[in-house]
Amino acid sequence: MNAIRWRDAMGTALYGPHGFFVSGSGPADHFRTSVHASPAFAAAVFRLVSRLDAALGFPTPFDVVDVGAGRGELLRALAALAHGSAAPDTAATPLAHRLRLTAVELAPRPADLPPAIVWTTEPPAGITGLLTATEWLDNVPLDVAVPTDTGWRYHLVDPSTGEETPGPPLTPQDLTWLTTWHPTPTPTPAPPPTTAPVIKRFASTEGPEPDANLLITGRGERGGRGGRVEVGRSRDEAWGRAVGRVRRGVALAVDYGHLRERRPVDGTLTGYRNGRQVPPVPDGSCDITAHVAMDSVAAAGAQVAGCAYTLVSQREALLALGADGGRPALSLAGTDPAGYVRALAAASAVAELTDPAGLGGHHWLLQPVGVAVDALMAR
């Protein structure tokens with residue numbers, strides 16, 4: 001077996017020359033993020049952009065940098081919203097004329113991307129405005145650790161088959177991360193499994209849900225031992241580097257994740273292909289994803305920025321930014337049937353984005369740099 005660390009296997013499978021995100025047609029063909037689910041998401045982000053623009057004094061340029069931009073869907077929507085909005089009386093120049101949009105992505109630039117959107121592989125330095133990362137951190141490669149009789153060791157994986165085996169001991173840095181952010185009982189020998197190992201279970205008995213936040217993990221997956229941990233130090237470092245690119249403004253991460261007091265048992269590592277959940281075989285044929293330790297990532301960003309972060313659910317964030325999932329008055333159906341249908345469709349889209357059991361349960365991590373967040377998220 002040609003086994004390597006999960007972090008290396010995941011990096012090659014997703015971002016190598018023939019990686020899933022580099023050589024394919026884009027994430028939208030395989031899974032739905034909030035960006036793809038409804039225009040209401042982009043509308044809420046644009047409200048955040050508008051409030052941040054005013055808080056920063058209407059700078060020229062105002063940056064929006066999308067890390068893990070897919071095919072530029074969010075930036076395209078923000079550009080359209082900016083061109084359709086009226087400038088505040090206090091702004092000398094409309095936002096549409098000051099907006100500088102940058103997509104950060106390793107895949108080739110889409111042929112139909114508007115020329116005004118910059119396409120690059122690294123976030124620019126000195127950002128004044130908003131850096132956003134929607135479901136990016138869950139795809140940042142990470143290691144998997146497993147308890148053994150001799151302590152915590154890296155779980156190695158054969159990229160061609162997904163077969164796993166314990167490897168070398170954790171480095172001191174990763175062991176410190178694990179004991180700090182993922183406290184677990186002292187590793188003890190596991191009894192022999194009585195049934196075949198469970199790879200994954202679904203929240204629904206009818207099959208996979210469309211969003212990874214709805215998935216639950218079976219105990220003892222892929223080996224039957226239990227207690228495996230996804231080591232998030234690489235994600236802390238990635239978020240810290242992203243925050244460090246912001247000179248003034250806000251870094252926003254939107255992702256599914258967990259907090260220290262409620263870490264998932266045995267981790268969340270899984271695969272997606274063509275809208276279906278599949279075993280996480282890191283051969284480049286599927287998305288490989290794992291939930292994010294949001295509190296650990298947040299602490300790393302706050303250390304770089306030198307100020308506190310704000311962490312709320314997507315439901316809370318979207319409601320604060322004016323998204324309304326309430327049903328329209330039934331009386332509208334009698335006076336304006338077409339308008340009622342449009343309003344009902346819009347309310348349904350927002351309801352999906354704010355459903356606590358689905359996309360609404362995602363986390364919004366806002367890391368300010370030289371600006372206050374409270375006013376930006378006030379309802």
# chains A, B, ... in the order shown; residues from 1 in each chain; ligands from 1
$ residues_around --residues "segment 136-145 of chain A" --least-positions-apart "5" --cutoff "8 Å" --atoms "only C-alpha atoms" --output "PyMOL selection string"
chain A and resi 5-8+10-11+67-68+152-156+170+228-235+238-239+253+255-256+288-292
$ select_by_dssp --residues "segment 7-194 of chain A" --states "strand (DSSP E)" --output "NGL selection string"
:A and (62-67 or 99-104 or 117-120 or 127-134 or 143-148 or 151-157 or 164-169)
$ closest_residue --among "A:Leu78, A:Asp266, A:Thr310, A:Arg276" --to "Asp374 of chain A" --atoms "only C-alpha atoms"
A:Thr310
$ select_by_dssp --residues "segment 9-134 of chain A" --states "helix (DSSP H, G or I)" --output "number ranges by chain"
A: 9-15, 20-23, 27-29, 34-37, 39-55, 73-83, 95-98
$ closest_residue --among "A:Ala107, A:Ala300, A:Leu318, A:Val278" --to "Leu359 of chain A" --atoms "only C-alpha atoms"
A:Leu318
$ closest_residue --among "A:Ala323, A:Leu74, A:Ala317, A:Val64" --to "Ala349 of chain A" --atoms "only C-alpha atoms"
A:Ala323
$ atom_distance --atom1 "atom CA of Val371 of chain A" --atom2 "atom CA of Glu122 of chain A"
23.8 Å
$ residues_around --residues "Pro39 of chain A" --least-positions-apart "4" --cutoff "8 Å" --atoms "only C-alpha atoms" --output "ChimeraX atom specification"
/A:35,43,77
$ residues_around --residues "Pro124 of chain A" --least-positions-apart "3" --cutoff "12 Å" --atoms "only C-alpha atoms" --output "tab-separated table (two decimals) with N, CA and C atoms, in the first residue's frame"
chain	number	residue	atom	x	y	z
A	63	ASP	N	-12.28	46.85	-2.11
A	63	ASP	CA	-11.97	45.48	-2.53
A	63	ASP	C	-13.01	44.48	-2.06
A	64	VAL	N	-13.38	43.57	-2.93
A	64	VAL	CA	-14.04	42.33	-2.53
A	64	VAL	C	-13.21	41.20	-3.10
A	65	VAL	N	-12.63	40.40	-2.21
A	65	VAL	CA	-11.77	39.30	-2.59
A	65	VAL	C	-12.45	38.01	-2.16
A	66	ASP	N	-12.74	37.14	-3.11
A	66	ASP	CA	-13.43	35.88	-2.84
A	66	ASP	C	-12.42	34.73	-2.93
A	67	VAL	N	-12.09	34.13	-1.78
A	67	VAL	CA	-11.14	33.04	-1.73
A	67	VAL	C	-11.89	31.71	-1.91
A	100	ARG	N	-13.47	46.83	-6.71
A	100	ARG	CA	-12.40	46.03	-7.31
A	100	ARG	C	-12.61	44.58	-6.87
A	101	LEU	N	-12.97	43.73	-7.81
A	101	LEU	CA	-13.34	42.35	-7.53
A	101	LEU	C	-12.20	41.42	-7.89
A	102	THR	N	-11.85	40.53	-6.95
A	102	THR	CA	-10.74	39.60	-7.16
A	102	THR	C	-11.18	38.20	-6.77
A	103	ALA	N	-11.08	37.27	-7.71
A	103	ALA	CA	-11.35	35.85	-7.45
A	103	ALA	C	-10.04	35.13	-7.20
A	104	VAL	N	-9.97	34.39	-6.09
A	104	VAL	CA	-8.78	33.60	-5.75
A	104	VAL	C	-9.14	32.14	-5.95
A	118	VAL	N	-10.69	40.27	-11.47
A	118	VAL	CA	-9.31	39.78	-11.48
A	118	VAL	C	-9.32	38.32	-11.07
A	119	TRP	N	-8.51	37.49	-11.72
A	119	TRP	CA	-8.42	36.05	-11.41
A	119	TRP	C	-6.98	35.74	-11.00
A	120	THR	N	-6.79	35.24	-9.79
A	120	THR	CA	-5.45	35.01	-9.27
A	120	THR	C	-5.43	33.80	-8.36
A	121	THR	N	-4.25	33.30	-8.08
A	121	THR	CA	-4.13	32.12	-7.23
A	121	THR	C	-3.83	32.45	-5.77
A	127	ILE	N	-5.65	44.61	1.38
A	127	ILE	CA	-7.07	44.68	1.04
A	127	ILE	C	-7.76	45.73	1.91
A	128	THR	N	-8.52	46.61	1.27
A	128	THR	CA	-9.40	47.53	1.96
A	128	THR	C	-10.82	47.20	1.52
A	129	GLY	N	-11.57	46.55	2.39
A	129	GLY	CA	-12.91	46.11	2.01
A	129	GLY	C	-13.21	44.76	2.64
A	130	LEU	N	-13.71	43.82	1.83
A	130	LEU	CA	-14.17	42.53	2.32
A	130	LEU	C	-13.40	41.40	1.66
A	131	LEU	N	-12.84	40.52	2.48
A	131	LEU	CA	-12.33	39.23	2.01
A	131	LEU	C	-13.34	38.18	2.46
A	241	ARG	N	-3.32	33.50	7.42
A	241	ARG	CA	-2.69	34.15	6.26
A	241	ARG	C	-3.69	35.01	5.50
A	242	ALA	N	-4.92	34.52	5.38
A	242	ALA	CA	-5.95	35.30	4.67
A	242	ALA	C	-6.27	36.59	5.42
A	243	VAL	N	-6.45	36.48	6.74
A	243	VAL	CA	-6.73	37.67	7.54
A	243	VAL	C	-5.57	38.67	7.43
A	244	GLY	N	-4.36	38.16	7.36
A	244	GLY	CA	-3.19	39.03	7.27
A	244	GLY	C	-3.14	39.84	5.99
A	245	ARG	N	-3.94	39.49	5.00
A	245	ARG	CA	-3.99	40.25	3.74
A	245	ARG	C	-4.90	41.47	3.82
A	246	VAL	N	-5.69	41.56	4.89
A	246	VAL	CA	-6.64	42.66	5.03
A	246	VAL	C	-5.98	43.82	5.77
A	247	ARG	N	-5.91	44.98	5.13
A	247	ARG	CA	-5.37	46.17	5.78
A	247	ARG	C	-6.44	46.86	6.62
$ closest_residue --among "A:Val250, A:Ile117, A:Ala9, A:Val297" --to "Glu237 of chain A" --atoms "only C-alpha atoms"
A:Val297
$ closest_residue --among "A:Ser296, A:Thr270, A:Ser34, A:Thr132" --to "Arg315 of chain A" --atoms "only C-alpha atoms"
A:Ser34
$ atom_distance --atom1 "atom CA of Ala55 of chain A" --atom2 "atom CA of Ala251 of chain A"
14.6 Å
